[in-house]
Each structure stands twice: as C-alpha cells, then as structure tokens.
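So the structure is just underneath, and the comments pick up after that.
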Amino acid sequence: MKQSVYIETTVLSYLTSRPSRDLLVAAHQQVTVEWWENGLPSLEAFISPLVIEEASRGDETAARLRLEKIAGFSILEINEEVRRLAELYFESIQIAEKARGDAYHLAVSAYHGMDFLVSWNFGHILNPRVRAIVQQLNAVQGISTPLNCTPEELMEA
C-alpha cells in the first residue's frame with residue numbers, strides 16, 4: 001500500500017513557474033521537478049478544494065498548467081471537523097489573517113490521516129514552532145500528525 005501525501009499549493013508553484021534567477025528558489029524548483037517525476041509516483045497524492053482554489057489564481061496560463069498537474073489527484077473534503085481544527089490551529093499558531101489558508105492545509109492533511117504534507121512554505125507550515133504546536137494540538141485531539149516536509153526531504157526518505 002502506498003503512503004499518502006497531501007500536496008500544498010507552493011509545490012505546484014515551484015513545479016510550474018519559470019526558472020528563478022534566485023539560486024535557492026531555482027534549486028527548490030529543480031528538486032520539485034525531480035521529486036514530481038521520481039518520488040511522487042511511489043505515493044498516493046491528495047489535494048483539497050483549497051489547493052484547487054489557490055492554484056486557480058493569477059495568470060490564466062500558469063493557473064491552467066498548475067491545475068493540469070493535479071487533475072487526477074483525489075480531493076479531500078473540507079468538512080465541519082476540518083474547519084474546527086483549522087480554526088484551532090489558526091488561533092494557536094497566531095498567524096496573519098492572510099495566511100489562514102495555511103491552517104486549513106494543516107488541518108485537511110491531519111484530519112484525513114495523511115502520512116505526509118509536502119510544502120515549500122517555511123513560514124506557516126514547515127516552521128518548527130508551527131510543527132510543534134500542531135503536533136501538540138493533534139495529540140490532545142487524538143489525531144495523528146502528518147510529517148510536514150519539503151519535496152527534497154520526502155525524496156530522500
């Protein structure tokens with residue numbers, strides 16, 4: 001049985017955007033392409049309606065490409081329990097309102113029992129403080145916490 005991975009929107013952005021002049025971003029883009037081609041096929045990929053919404057924003061051509069990349073993936077429901085969990089994360093993590101969606105990515109992946117959440121969002125998803133808070137909240141709720149990681153970390157697993 002394949003392990004499950006929730007793909008957060010930043011991964012799609014790195015996968016489909018034009019090569020960056022910033023060396024670190026360019027390296028992340030290359031790693032993402034390699035993981036998508038070589039690592040992802042060994043996993044069962046999931047997204048949420050929020051990923052679709054976020055991937056649809058911006059330049060029409062770029063949005064179409066992002067949506068094409070996730071066209072066959074299973075979509076995890078955002079139900080009332082996910083909303084409740086996301087709000088708990090949002091309040092506990094104390095992030096800006098504009099980043100509320102990040103709490104939803106964390107909640108969707110945890111509530112639906114994903115093995116991994118893959119992201120390039122170091123501010124609100126991969127941040128060690130956020131990881132610790134989410135893990136503590138999930139333990140109290142009796143929910144397993146996915147391993148939040150970058151494509152590079154997941155490729156090496």
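Residue numbering restarts at 1 for every chain of the structure tokens, chains are lettered A, B, ... in their displayed order, and ligands are numbered from 1 as they appear.
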Shell of 12 Å around Glu80 (chain A), only C-alpha atoms, local chain residues under 6 positions omitted, as a list of chain:residue names: A:Ala86, A:Glu87, A:Tyr104, A:Ala107, A:Val108, A:Tyr111
Write out as a VMD selection string each polymer residue whose atoms come within 12 Å of Leu65 (chain A), counting only C-alpha atoms; drop sequence neighbours fewer than 3 positions from it. chain A and resid 12 to 18 52 55 to 62 68 to 71
Atoms kept (C-alpha atoms) for selection, written as a CSV table (one decimal), in the first residue's frame:
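Contents of selection21.csv, freshly written:
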```csv
chain,number,residue,atom,x,y,z
A,12,LEU,CA,2.7,23.4,-7.6
A,13,SER,CA,4.0,26.9,-7.9
A,14,TYR,CA,7.6,25.7,-7.8
A,15,LEU,CA,6.8,22.9,-10.2
A,16,THR,CA,5.3,25.1,-12.9
A,17,SER,CA,6.8,28.5,-12.6
A,18,ARG,CA,9.5,29.9,-14.9
A,52,ILE,CA,-7.6,24.0,-6.4
A,55,ALA,CA,-3.8,27.1,-7.9
A,56,SER,CA,-6.5,28.8,-10.0
A,57,ARG,CA,-5.4,32.3,-9.0
A,58,GLY,CA,-3.1,34.5,-11.0
A,59,ASP,CA,-2.1,34.3,-14.6
A,60,GLU,CA,-4.5,32.2,-16.6
A,61,THR,CA,-1.9,30.2,-18.5
A,62,ALA,CA,0.1,29.5,-15.3
A,68,GLU,CA,-3.4,20.2,-15.2
A,69,LYS,CA,-0.7,18.8,-12.9
A,70,ILE,CA,-3.2,17.9,-10.2
A,71,ALA,CA,-6.1,16.9,-12.5
```
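Across A:Ala110, A:Gly101, A:Tyr6, A:Ile47, the tightest approach to Ala139 (chain A) is made by A:Ala110 when counting only C-alpha atoms.
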Provide the CA of Gln141 (chain A) to CA of Val118 (chain A) distance in Å, to one decimal place. 22.3 Å
